[in-house]
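Peer 1: Below is upload_20.txt; it holds compact mmCIF, C-alpha atoms.
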```
# COMPACT_ATOMS: atom_id res chain seq x y z
CA MET P 1 0.00 0.00 0.00
CA SER P 2 1.54 3.22 -1.05
CA ASP P 3 1.49 6.32 1.06
CA ILE P 4 -0.02 9.09 -1.09
CA LYS P 5 -0.44 12.74 -0.21
CA LEU P 6 -1.87 15.56 -2.29
CA THR P 7 -1.14 19.08 -1.06
CA TYR P 8 -3.03 22.10 -2.36
CA PHE P 9 -4.82 25.19 -1.16
CA ASN P 10 -8.27 24.76 0.36
CA GLY P 11 -10.01 24.77 -3.00
CA ARG P 12 -10.58 22.83 -6.19
CA GLY P 13 -8.48 24.75 -8.73
CA LEU P 14 -5.65 22.73 -10.22
CA ALA P 15 -5.99 19.84 -7.76
CA GLU P 16 -9.59 18.78 -8.21
CA HIS P 17 -9.07 16.64 -11.34
CA ILE P 18 -6.32 14.78 -9.46
CA ARG P 19 -8.71 14.20 -6.55
CA TYR P 20 -11.37 12.93 -8.99
CA LEU P 21 -8.84 10.54 -10.57
CA LEU P 22 -7.61 9.20 -7.24
CA LYS P 23 -11.19 8.65 -6.08
CA TYR P 24 -12.16 7.02 -9.38
CA GLY P 25 -9.13 4.73 -9.15
CA ASN P 26 -9.97 3.89 -5.54
CA ILE P 27 -6.53 5.08 -4.45
CA ALA P 28 -6.44 6.21 -0.82
CA PHE P 29 -4.74 9.58 -0.30
CA GLU P 30 -4.30 12.28 2.28
CA ASP P 31 -6.06 15.43 1.00
CA ILE P 32 -3.89 18.12 2.58
CA ARG P 33 -5.33 21.66 2.30
CA ILE P 34 -3.13 24.48 3.42
CA GLU P 35 -4.28 27.94 4.39
CA GLN P 36 -2.83 31.02 2.66
CA ASP P 37 -1.14 32.03 5.94
CA ASN P 38 0.94 28.85 5.90
CA TRP P 39 1.83 29.06 2.21
CA PRO P 40 4.97 31.27 2.36
CA ALA P 41 6.67 28.83 4.75
CA LEU P 42 5.82 25.83 2.56
CA LYS P 43 6.50 27.56 -0.79
CA GLU P 44 10.26 27.60 -0.31
CA SER P 45 10.32 23.80 0.10
CA THR P 46 8.42 23.04 -3.12
CA PRO P 47 10.29 22.33 -6.39
CA PHE P 48 9.20 25.57 -8.13
CA GLY P 49 7.08 27.41 -5.58
CA GLN P 50 3.84 25.87 -6.77
CA LEU P 51 0.98 23.65 -5.71
CA PRO P 52 -0.37 21.02 -6.11
CA LEU P 53 2.32 18.68 -4.79
CA TYR P 54 1.92 14.96 -5.19
CA GLU P 55 3.78 12.68 -2.82
CA GLU P 56 4.10 8.93 -3.16
CA ASN P 57 6.20 6.87 -0.79
CA GLY P 58 8.21 9.94 0.17
CA LYS P 59 8.96 11.08 -3.40
CA VAL P 60 7.51 14.44 -4.42
CA ALA P 61 6.38 15.79 -7.80
CA SER P 62 4.71 19.00 -8.93
CA GLN P 63 2.69 20.17 -11.96
CA SER P 64 -0.96 19.21 -12.01
CA LEU P 65 -1.11 17.83 -15.56
CA ALA P 66 2.04 15.75 -15.16
CA VAL P 67 0.54 14.25 -12.00
CA ALA P 68 -2.82 13.62 -13.69
CA ARG P 69 -1.10 11.82 -16.57
CA TYR P 70 0.86 9.68 -14.10
CA ILE P 71 -2.25 8.69 -12.16
CA GLY P 72 -4.18 8.19 -15.40
CA LYS P 73 -1.67 5.54 -16.46
CA LYS P 74 -1.82 3.88 -13.03
CA ILE P 75 -5.61 3.44 -13.22
CA ASN P 76 -5.93 2.51 -16.90
CA LEU P 77 -7.20 5.86 -18.09
CA ALA P 78 -4.38 6.41 -20.59
CA GLY P 79 -4.42 5.71 -24.33
CA ASP P 80 -4.07 2.25 -25.85
CA ASP P 81 -1.06 3.37 -27.86
CA GLU P 82 1.29 6.34 -28.03
CA TRP P 83 -0.69 8.14 -30.71
CA GLN P 84 -3.74 8.07 -28.44
CA ASN P 85 -1.57 9.40 -25.61
CA LEU P 86 -0.51 12.22 -27.92
CA GLU P 87 -4.18 13.02 -28.62
CA ILE P 88 -4.93 13.04 -24.89
CA ASP P 89 -1.90 15.22 -24.07
CA SER P 90 -2.74 17.61 -26.87
CA VAL P 91 -6.24 18.25 -25.49
CA ALA P 92 -4.85 18.58 -21.96
CA ASP P 93 -2.42 21.34 -22.98
CA THR P 94 -5.22 23.04 -24.93
CA LEU P 95 -7.32 23.09 -21.75
CA THR P 96 -4.39 24.78 -20.01
CA ASP P 97 -4.30 27.37 -22.81
CA LEU P 98 -8.00 28.03 -22.19
CA ARG P 99 -7.47 28.31 -18.42
CA LEU P 100 -4.65 30.80 -18.99
CA LYS P 101 -6.93 32.99 -21.08
CA HIS P 102 -9.22 33.69 -18.15
CA TYR P 103 -6.44 34.72 -15.72
CA PRO P 104 -6.35 38.39 -16.84
CA PHE P 105 -10.09 38.56 -16.06
CA TYR P 106 -9.60 36.82 -12.72
CA GLN P 107 -6.82 39.20 -11.72
CA GLU P 108 -8.39 42.46 -12.97
CA SER P 109 -9.68 44.67 -10.15
CA ASP P 110 -11.09 47.57 -12.19
CA PRO P 111 -14.83 46.72 -12.65
CA GLU P 112 -15.11 48.29 -16.10
CA LYS P 113 -12.02 46.54 -17.47
CA LYS P 114 -13.13 43.30 -15.80
CA GLU P 115 -16.52 43.45 -17.52
CA LYS P 116 -14.86 44.05 -20.89
CA LEU P 117 -12.58 41.05 -20.41
CA LYS P 118 -15.57 38.95 -19.38
CA GLN P 119 -17.53 39.89 -22.50
CA SER P 120 -14.58 39.09 -24.72
CA LEU P 121 -14.17 35.69 -23.02
CA LEU P 122 -17.86 34.89 -23.40
CA SER P 123 -18.30 36.15 -26.95
CA GLU P 124 -14.98 35.03 -28.45
CA THR P 125 -12.77 32.72 -26.38
CA VAL P 126 -15.42 30.36 -25.02
CA PRO P 127 -17.19 29.79 -28.38
CA TYR P 128 -13.84 29.36 -30.16
CA TYR P 129 -12.72 26.58 -27.84
CA PHE P 130 -16.06 24.91 -27.24
CA GLU P 131 -17.02 24.70 -30.90
CA ARG P 132 -13.77 22.81 -31.37
CA PHE P 133 -14.19 20.62 -28.27
CA GLU P 134 -17.61 19.63 -29.62
CA LYS P 135 -15.97 18.31 -32.78
CA PHE P 136 -13.50 16.26 -30.74
CA ILE P 137 -16.30 14.88 -28.56
CA THR P 138 -18.41 13.92 -31.57
CA LYS P 139 -15.43 12.21 -33.19
CA ASN P 140 -14.48 10.30 -30.02
CA SER P 141 -17.85 8.76 -29.06
CA GLY P 142 -18.61 11.32 -26.35
CA TYR P 143 -15.06 11.66 -25.01
CA LEU P 144 -12.27 14.09 -25.87
CA ALA P 145 -9.71 11.65 -27.19
CA ALA P 146 -8.88 8.02 -27.88
CA ASN P 147 -12.54 7.13 -28.41
CA LYS P 148 -12.97 6.24 -24.70
CA LEU P 149 -12.85 7.64 -21.20
CA THR P 150 -9.37 8.93 -20.35
CA TRP P 151 -7.80 11.11 -17.68
CA VAL P 152 -8.16 14.26 -19.78
CA ASP P 153 -11.97 14.03 -19.56
CA PHE P 154 -11.60 14.53 -15.78
CA PHE P 155 -9.48 17.63 -16.34
CA PHE P 156 -12.09 18.88 -18.80
CA ALA P 157 -14.90 18.51 -16.23
CA THR P 158 -13.01 20.41 -13.52
CA THR P 159 -11.83 23.09 -15.97
CA LEU P 160 -15.45 23.73 -16.99
CA ASP P 161 -16.35 23.92 -13.31
CA THR P 162 -13.53 26.43 -12.65
CA LEU P 163 -14.43 28.65 -15.62
CA THR P 164 -18.12 28.55 -14.77
CA ARG P 165 -17.48 29.55 -11.15
CA ILE P 166 -15.01 32.30 -11.99
CA LEU P 167 -17.05 33.81 -14.82
CA GLY P 168 -20.39 33.30 -13.06
CA VAL P 169 -21.81 31.86 -16.29
CA ASN P 170 -22.28 28.23 -17.29
CA VAL P 171 -19.69 28.21 -20.08
CA SER P 172 -20.72 24.90 -21.61
CA GLU P 173 -24.49 25.49 -21.51
CA LYS P 174 -24.84 25.85 -25.28
CA TYR P 175 -22.54 22.94 -26.05
CA GLU P 176 -24.32 19.63 -25.77
CA GLY P 177 -21.37 17.27 -26.07
CA SER P 178 -19.32 19.22 -23.54
CA SER P 179 -22.20 19.45 -21.05
CA LYS P 180 -22.91 15.74 -21.35
CA LEU P 181 -19.25 14.81 -20.90
CA LYS P 182 -18.95 16.99 -17.78
CA LYS P 183 -22.09 15.37 -16.36
CA LYS P 184 -20.84 11.89 -17.25
CA ILE P 185 -17.67 12.49 -15.21
CA GLU P 186 -19.55 14.01 -12.28
CA GLU P 187 -21.91 11.04 -12.21
CA LEU P 188 -19.25 8.35 -12.08
CA PRO P 189 -20.14 6.79 -8.69
CA ALA P 190 -16.79 7.47 -6.98
CA VAL P 191 -16.72 11.05 -8.26
CA LYS P 192 -20.35 11.62 -7.30
CA THR P 193 -19.67 10.43 -3.77
CA TRP P 194 -16.62 12.67 -3.57
CA ILE P 195 -18.52 15.74 -4.83
CA ALA P 196 -21.17 15.19 -2.16
CA ALA P 197 -18.54 14.79 0.56
CA ARG P 198 -15.85 17.31 -0.38
CA PRO P 199 -15.33 20.57 1.52
CA GLU P 200 -17.40 23.44 0.14
CA THR P 201 -15.09 26.12 -1.28
CA PRO P 202 -15.75 29.03 -3.69
CA PHE P 203 -13.26 27.81 -6.35
CA MET M 1 8.77 4.51 -43.61
CA SER M 2 6.38 6.97 -42.14
CA ASP M 3 5.50 10.22 -43.78
CA ILE M 4 6.21 12.96 -41.24
CA LYS M 5 5.58 16.68 -41.58
CA LEU M 6 6.20 19.45 -39.10
CA THR M 7 4.46 22.76 -39.83
CA TYR M 8 5.45 25.97 -38.06
CA PHE M 9 6.25 29.59 -38.77
CA ASN M 10 9.66 30.37 -40.26
CA GLY M 11 11.40 30.39 -36.89
CA ARG M 12 12.57 28.24 -33.98
CA GLY M 13 10.05 29.09 -31.25
CA LEU M 14 7.95 26.17 -30.14
CA ALA M 15 9.03 23.88 -32.98
CA GLU M 16 12.79 23.83 -32.61
CA HIS M 17 12.97 21.21 -29.83
CA ILE M 18 10.82 18.95 -32.02
CA ARG M 19 13.21 19.49 -34.94
CA TYR M 20 16.19 18.67 -32.64
CA LEU M 21 14.46 15.48 -31.47
CA LEU M 22 13.58 14.34 -35.00
CA LYS M 23 17.15 15.01 -36.14
CA TYR M 24 18.61 13.25 -33.09
CA GLY M 25 16.35 10.25 -33.71
CA ASN M 26 17.31 10.22 -37.38
CA ILE M 27 13.65 10.54 -38.36
CA ALA M 28 13.19 12.10 -41.78
CA PHE M 29 10.59 14.87 -41.86
CA GLU M 30 9.36 17.69 -44.03
CA ASP M 31 10.17 20.98 -42.28
CA ILE M 32 7.29 23.15 -43.50
CA ARG M 33 7.67 26.87 -42.71
CA ILE M 34 4.74 29.10 -43.43
CA GLU M 35 4.86 32.86 -43.87
CA GLN M 36 2.64 35.10 -41.73
CA ASP M 37 0.66 36.05 -44.85
CA ASN M 38 -0.43 32.45 -45.32
CA TRP M 39 -1.28 31.88 -41.66
CA PRO M 40 -4.92 33.08 -41.57
CA ALA M 41 -5.91 30.62 -44.30
CA LEU M 42 -4.19 27.72 -42.56
CA LYS M 43 -5.26 28.68 -39.01
CA GLU M 44 -8.88 27.70 -39.56
CA SER M 45 -7.87 24.16 -40.53
CA THR M 46 -5.76 23.52 -37.40
CA PRO M 47 -7.29 21.83 -34.31
CA PHE M 48 -7.13 24.96 -32.10
CA GLY M 49 -5.66 27.67 -34.31
CA GLN M 50 -2.11 26.97 -33.29
CA LEU M 51 1.23 25.81 -34.60
CA PRO M 52 3.29 23.64 -34.56
CA LEU M 53 1.35 20.88 -36.25
CA TYR M 54 2.79 17.39 -36.38
CA GLU M 55 1.60 15.05 -39.10
CA GLU M 56 2.37 11.35 -39.31
CA ASN M 57 0.87 9.13 -41.99
CA GLY M 58 -1.95 11.59 -42.54
CA LYS M 59 -2.90 11.97 -38.85
CA VAL M 60 -2.44 15.42 -37.34
CA ALA M 61 -1.65 16.54 -33.77
CA SER M 62 -0.95 19.88 -32.17
CA GLN M 63 0.71 21.13 -28.95
CA SER M 64 4.48 21.26 -28.96
CA LEU M 65 5.09 19.46 -25.65
CA ALA M 66 2.65 16.67 -26.42
CA VAL M 67 4.45 16.13 -29.73
CA ALA M 68 7.89 16.24 -28.07
CA ARG M 69 6.81 13.63 -25.52
CA TYR M 70 5.48 11.40 -28.31
CA ILE M 71 8.71 11.63 -30.30
CA GLY M 72 10.77 11.25 -27.12
CA LYS M 73 9.14 7.86 -26.52
CA LYS M 74 9.66 6.83 -30.13
CA ILE M 75 13.42 7.46 -29.95
CA ASN M 76 14.08 6.12 -26.43
CA LEU M 77 14.38 9.50 -24.75
CA ALA M 78 11.58 8.85 -22.25
CA GLY M 79 11.90 7.66 -18.64
CA ASP M 80 12.57 4.06 -17.66
CA ASP M 81 9.41 3.99 -15.56
CA GLU M 82 6.31 6.11 -15.03
CA TRP M 83 7.75 8.00 -12.07
CA GLN M 84 10.65 9.11 -14.26
CA ASN M 85 8.14 10.18 -16.92
CA LEU M 86 6.38 12.21 -14.25
CA GLU M 87 9.68 13.90 -13.36
CA ILE M 88 10.31 14.68 -17.04
CA ASP M 89 6.77 16.00 -17.60
CA SER M 90 6.96 18.11 -14.47
CA VAL M 91 10.12 19.89 -15.67
CA ALA M 92 8.61 20.33 -19.15
CA ASP M 93 5.53 22.11 -17.78
CA THR M 94 7.77 24.25 -15.56
CA LEU M 95 9.70 25.34 -18.66
CA THR M 96 6.37 26.36 -20.19
CA ASP M 97 5.62 28.40 -17.05
CA LEU M 98 8.96 30.14 -17.49
CA ARG M 99 8.29 30.81 -21.19
CA LEU M 100 4.89 32.30 -20.34
CA LYS M 101 6.50 34.71 -17.88
CA HIS M 102 8.42 36.44 -20.64
CA TYR M 103 5.42 36.98 -22.96
CA PRO M 104 4.31 40.27 -21.32
CA PHE M 105 7.84 41.59 -22.00
CA TYR M 106 7.78 40.28 -25.56
CA GLN M 107 4.42 41.91 -26.26
CA GLU M 108 5.02 45.26 -24.53
CA SER M 109 5.58 48.12 -26.96
CA ASP M 110 6.16 51.00 -24.50
CA PRO M 111 9.98 51.18 -24.11
CA GLU M 112 9.89 52.25 -20.44
CA LYS M 113 7.47 49.52 -19.40
CA LYS M 114 9.40 47.00 -21.50
CA GLU M 115 12.65 47.86 -19.72
CA LYS M 116 10.96 47.48 -16.32
CA LEU M 117 9.62 44.06 -17.29
CA LYS M 118 13.06 43.06 -18.54
CA GLN M 119 14.74 44.05 -15.29
CA SER M 120 12.17 42.14 -13.26
CA LEU M 121 12.71 39.04 -15.45
CA LEU M 122 16.49 39.27 -15.09
CA SER M 123 16.63 40.09 -11.39
CA GLU M 124 13.80 37.87 -10.14
CA THR M 125 12.29 35.34 -12.56
CA VAL M 126 15.47 34.06 -14.20
CA PRO M 127 17.39 33.55 -10.92
CA TYR M 128 14.36 31.92 -9.29
CA TYR M 129 14.02 29.30 -12.00
CA PHE M 130 17.68 28.75 -12.76
CA GLU M 131 18.74 28.28 -9.15
CA ARG M 132 16.18 25.51 -9.02
CA PHE M 133 17.12 24.01 -12.41
CA GLU M 134 20.72 23.85 -11.15
CA LYS M 135 19.57 21.67 -8.24
CA PHE M 136 17.74 19.32 -10.60
CA ILE M 137 20.77 19.12 -12.90
CA THR M 138 23.13 18.36 -10.02
CA LYS M 139 20.78 15.67 -8.72
CA ASN M 140 20.35 14.05 -12.16
CA SER M 141 24.00 13.68 -13.25
CA GLY M 142 23.95 16.71 -15.55
CA TYR M 143 20.43 16.22 -16.92
CA LEU M 144 17.09 17.61 -15.78
CA ALA M 145 15.33 14.39 -14.86
CA ALA M 146 15.59 10.62 -14.74
CA ASN M 147 19.37 10.73 -14.26
CA LYS M 148 19.92 10.54 -18.02
CA LEU M 149 19.36 12.33 -21.30
CA THR M 150 15.64 12.69 -22.03
CA TRP M 151 13.47 14.71 -24.39
CA VAL M 152 12.96 17.49 -21.85
CA ASP M 153 16.68 18.38 -22.04
CA PHE M 154 16.10 19.29 -25.70
CA PHE M 155 13.19 21.56 -24.75
CA PHE M 156 15.40 23.13 -22.07
CA ALA M 157 18.14 23.94 -24.61
CA THR M 158 15.73 25.59 -27.05
CA THR M 159 13.90 27.45 -24.28
CA LEU M 160 17.21 28.95 -23.10
CA ASP M 161 17.94 29.90 -26.68
CA THR M 162 14.51 31.58 -27.04
CA LEU M 163 14.81 33.52 -23.78
CA THR M 164 18.36 34.60 -24.55
CA ARG M 165 17.39 35.87 -27.99
CA ILE M 166 14.26 37.67 -26.82
CA LEU M 167 15.85 39.28 -23.76
CA GLY M 168 19.15 39.97 -25.51
CA VAL M 169 21.00 38.55 -22.48
CA ASN M 170 22.49 35.09 -22.02
CA VAL M 171 20.06 33.95 -19.32
CA SER M 172 22.03 30.87 -18.24
CA GLU M 173 25.46 32.52 -18.19
CA LYS M 174 25.80 32.40 -14.40
CA TYR M 175 24.42 28.88 -14.10
CA GLU M 176 27.05 26.28 -14.81
CA GLY M 177 24.90 23.17 -14.91
CA SER M 178 22.33 24.81 -17.18
CA SER M 179 24.98 26.20 -19.54
CA LYS M 180 26.70 22.83 -19.78
CA LEU M 181 23.46 20.99 -20.43
CA LYS M 182 22.48 23.42 -23.21
CA LYS M 183 25.93 22.98 -24.78
CA LYS M 184 25.72 19.19 -24.43
CA ILE M 185 22.46 19.16 -26.43
CA GLU M 186 23.78 21.56 -29.07
CA GLU M 187 26.89 19.42 -29.53
CA LEU M 188 25.09 16.14 -30.08
CA PRO M 189 26.31 15.38 -33.63
CA ALA M 190 22.87 15.34 -35.31
CA VAL M 191 21.82 18.53 -33.52
CA LYS M 192 25.12 20.24 -34.32
CA THR M 193 24.73 19.42 -38.00
CA TRP M 194 21.15 20.72 -37.93
CA ILE M 195 22.14 23.97 -36.20
CA ALA M 196 24.79 24.59 -38.88
CA ALA M 197 22.32 23.85 -41.68
CA ARG M 198 19.04 25.37 -40.46
CA PRO M 199 17.58 28.58 -41.87
CA GLU M 200 18.77 31.69 -40.05
CA THR M 201 15.84 33.37 -38.30
CA PRO M 202 15.70 35.94 -35.47
CA PHE M 203 13.72 33.74 -33.06
```
Output the file's structure in the form of structure tokens.

Peer 2:
Amino acid sequence: MSDIKLTYFNGRGLAEHIRYLLKYGNIAFEDIRIEQDNWPALKESTPFGQLPLYEENGKVASQSLAVARYIGKKINLAGDDEWQNLEIDSVADTLTDLRLKHYPFYQESDPEKKEKLKQSLLSETVPYYFERFEKFITKNSGYLAANKLTWVDFFFATTLDTLTRILGVNVSEKYEGSSKLKKKIEELPAVKTWIAARPETPF
Amino acid sequence: MSDIKLTYFNGRGLAEHIRYLLKYGNIAFEDIRIEQDNWPALKESTPFGQLPLYEENGKVASQSLAVARYIGKKINLAGDDEWQNLEIDSVADTLTDLRLKHYPFYQESDPEKKEKLKQSLLSETVPYYFERFEKFITKNSGYLAANKLTWVDFFFATTLDTLTRILGVNVSEKYEGSSKLKKKIEELPAVKTWIAARPETPF
């Protein structure tokens, strides 16, 4: 039995897809949530000053997508061949691109500028990405890649959740394939149980 | 014999580590370089409006790190086990974080603001990352991960080249391990031959 710890802030953010995957794979882990006050002291000890941190039998790794890929392989949610893994990885990095596009909005404090950024996200960025995700989902029998459930679908579900919470608008509402895929992930029994039990946090 | 094409702008940017890897692996490929004028017409046909595009036997994939990982596996430059792959992937995504930090500088047109951003990159960001890369390189016998040469070392070398060219300062000059690793990659015979033969471009 391995000794697994996941350290993140008290929120979903870039850790929640890892939590979903660990729950889905029935892998026991310690869900460590640190408060902002304790972050400066911990930051110095992390590889590059970032969370989440994944610890397995005393070895530590960072970067949320790298960790998700690692766990995905462990629980048979990777591709059947390396081309499928490339498809999966390609969508994962595209989801990161999409996440990065909403950071300027998230960080903007001027209400007028913030509203402008929001409108541009909702009228341009979101449709651009989701129209394309829809094509991938249609082509892959309801999943994003490899024609089956893989770890990137979990990252998709939590990314949609993050964007929806931060923008205050259901970003995938108009996109049937995307909405269905998110729901499919959230209704996997282990994930559903986790969602009902997890700490309530704004993001 | 597979039919491989790599499509990018006429520059190094996010394609050059892929070119290094293909050359190192002795994999023949068509090095397609498109001019900015032709980009709008091509953009619509790409998965998410981005280059590079990697094509193998008619199948197309995007995202430069996903492609590098795929080729890395093909030419035995991946980890020996999944934990090593996690280490490699973790450094790769950290290099992307570092690249993203210089984009505001790259895009700034106001000379005063640009100079401020440059100074902050050189006095804070670069030392922060490189002090930590040095630790990784010391721990991994001169490489970034897995105690051996892997595909992420190629991405490291081209990222240092990009940052150095964009900032106009040799970013790894003070960091011995990093400088040596970059040199080691650039002196691999196939890479050296490629560097001597490749088109001269500013970035």

Peer 1: Just the residues within 7 Å of Pro52 in chain P, please, counting only C-alpha atoms, with nothing from its chain fewer than 2 positions along; format it as a ChimeraX atom specification.

Peer 2: /P:6-8,14-15,50,54,62-64

Peer 1: Find the residues near Ile34 in chain P: any atom within 7 Å, counting only C-alpha atoms, skip ones fewer than 2 places away on the same chain, and give them as an NGL selection string.

Peer 2: :P and (8-10 or 32 or 36 or 38-39)

Peer 1: Would you output that residue set with C-alpha atoms, as a PDB file, in the coordinates of the input?

Peer 2:
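As a result, part.pdb now contains:
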```pdb
ATOM      1  CA  TYR P   8      -3.030  22.100  -2.360  1.00  0.00           C
ATOM      2  CA  PHE P   9      -4.820  25.190  -1.160  1.00  0.00           C
ATOM      3  CA  ASN P  10      -8.270  24.760   0.360  1.00  0.00           C
ATOM      4  CA  ILE P  32      -3.890  18.120   2.580  1.00  0.00           C
ATOM      5  CA  GLN P  36      -2.830  31.020   2.660  1.00  0.00           C
ATOM      6  CA  ASN P  38       0.940  28.850   5.900  1.00  0.00           C
ATOM      7  CA  TRP P  39       1.830  29.060   2.210  1.00  0.00           C
TER       8      TRP P  39
END
```

Peer 1: Using all atoms listed in the file, what does the table of chain M residues within 6 Å of chain P look like, with each row giving the shortest atom pair and its distance in Å to one decimal, sorted by chain and ascending number, as a Markdown table?

Peer 2:
```
| residue | atom | partner | partner_atom | distance |
| --- | --- | --- | --- | --- |
| M:Gln63 | CA | P:Ser90 | CA | 5.3 |
| M:Ala66 | CA | P:Asp89 | CA | 5.3 |
| M:Leu86 | CA | P:Ala66 | CA | 5.7 |
| M:Asp89 | CA | P:Ala66 | CA | 5.3 |
| M:Ser90 | CA | P:Gln63 | CA | 5.4 |
```

Peer 1: Figure out the distance between CA of Phe155 in chain P and CA of Thr96 in chain P, please, to one decimal in Å.

Peer 2: 9.5 Å

Peer 1: Which polymer residues, protein or nucleic acid, are no farther than 8 Å from (24.0, 17.7, -16.7), counting all atoms listed in the file, as number ranges by chain?

Peer 2: M: 137-138, 140-144, 177-178, 180-181

Peer 1: For a cutoff of 12 Å around the file-coordinate point (21.5, 24.6, -23.5), which residues qualify once you count only C-alpha atoms? I'd like the result as a JSON list (two decimals) with C-alpha atoms, in the frame of the given file.

Peer 2:
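Writing done, so here's selection_15.json:
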```
[["chain", "number", "residue", "atom", "x", "y", "z"],
["M", 17, "HIS", "CA", 12.97, 21.21, -29.83],
["M", 133, "PHE", "CA", 17.12, 24.01, -12.41],
["M", 137, "ILE", "CA", 20.77, 19.12, -12.90],
["M", 142, "GLY", "CA", 23.95, 16.71, -15.55],
["M", 143, "TYR", "CA", 20.43, 16.22, -16.92],
["M", 144, "LEU", "CA", 17.09, 17.61, -15.78],
["M", 152, "VAL", "CA", 12.96, 17.49, -21.85],
["M", 153, "ASP", "CA", 16.68, 18.38, -22.04],
["M", 154, "PHE", "CA", 16.10, 19.29, -25.70],
["M", 155, "PHE", "CA", 13.19, 21.56, -24.75],
["M", 156, "PHE", "CA", 15.40, 23.13, -22.07],
["M", 157, "ALA", "CA", 18.14, 23.94, -24.61],
["M", 158, "THR", "CA", 15.73, 25.59, -27.05],
["M", 159, "THR", "CA", 13.90, 27.45, -24.28],
["M", 160, "LEU", "CA", 17.21, 28.95, -23.10],
["M", 161, "ASP", "CA", 17.94, 29.90, -26.68],
["M", 162, "THR", "CA", 14.51, 31.58, -27.04],
["M", 163, "LEU", "CA", 14.81, 33.52, -23.78],
["M", 164, "THR", "CA", 18.36, 34.60, -24.55],
["M", 170, "ASN", "CA", 22.49, 35.09, -22.02],
["M", 171, "VAL", "CA", 20.06, 33.95, -19.32],
["M", 172, "SER", "CA", 22.03, 30.87, -18.24],
["M", 173, "GLU", "CA", 25.46, 32.52, -18.19],
["M", 175, "TYR", "CA", 24.42, 28.88, -14.10],
["M", 176, "GLU", "CA", 27.05, 26.28, -14.81],
["M", 177, "GLY", "CA", 24.90, 23.17, -14.91],
["M", 178, "SER", "CA", 22.33, 24.81, -17.18],
["M", 179, "SER", "CA", 24.98, 26.20, -19.54],
["M", 180, "LYS", "CA", 26.70, 22.83, -19.78],
["M", 181, "LEU", "CA", 23.46, 20.99, -20.43],
["M", 182, "LYS", "CA", 22.48, 23.42, -23.21],
["M", 183, "LYS", "CA", 25.93, 22.98, -24.78],
["M", 184, "LYS", "CA", 25.72, 19.19, -24.43],
["M", 185, "ILE", "CA", 22.46, 19.16, -26.43],
["M", 186, "GLU", "CA", 23.78, 21.56, -29.07],
["M", 187, "GLU", "CA", 26.89, 19.42, -29.53],
["M", 188, "LEU", "CA", 25.09, 16.14, -30.08],
["M", 191, "VAL", "CA", 21.82, 18.53, -33.52]]
```

Peer 1: Which value, in Å to one decimal, gives the distance between CA of Asn26 in chain M and CA of Leu95 in chain M?

Peer 2: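 One can read the CA of Asn26 in chain M to CA of Leu95 in chain M distance as 25.2 Å.
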
Peer 1: Report the distance between CA of Glu200 in chain P and CA of Tyr24 in chain P in Å, rounded to one decimal place.

Peer 2: 19.7 Å

Peer 1: Counting all atoms listed in the file, which of M:Gly11, M:Pro40, M:Pro202, M:Pro104 gets nearest to Leu121 in chain M?

Peer 2: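 Nearest to Leu121 in chain M: M:Pro104.
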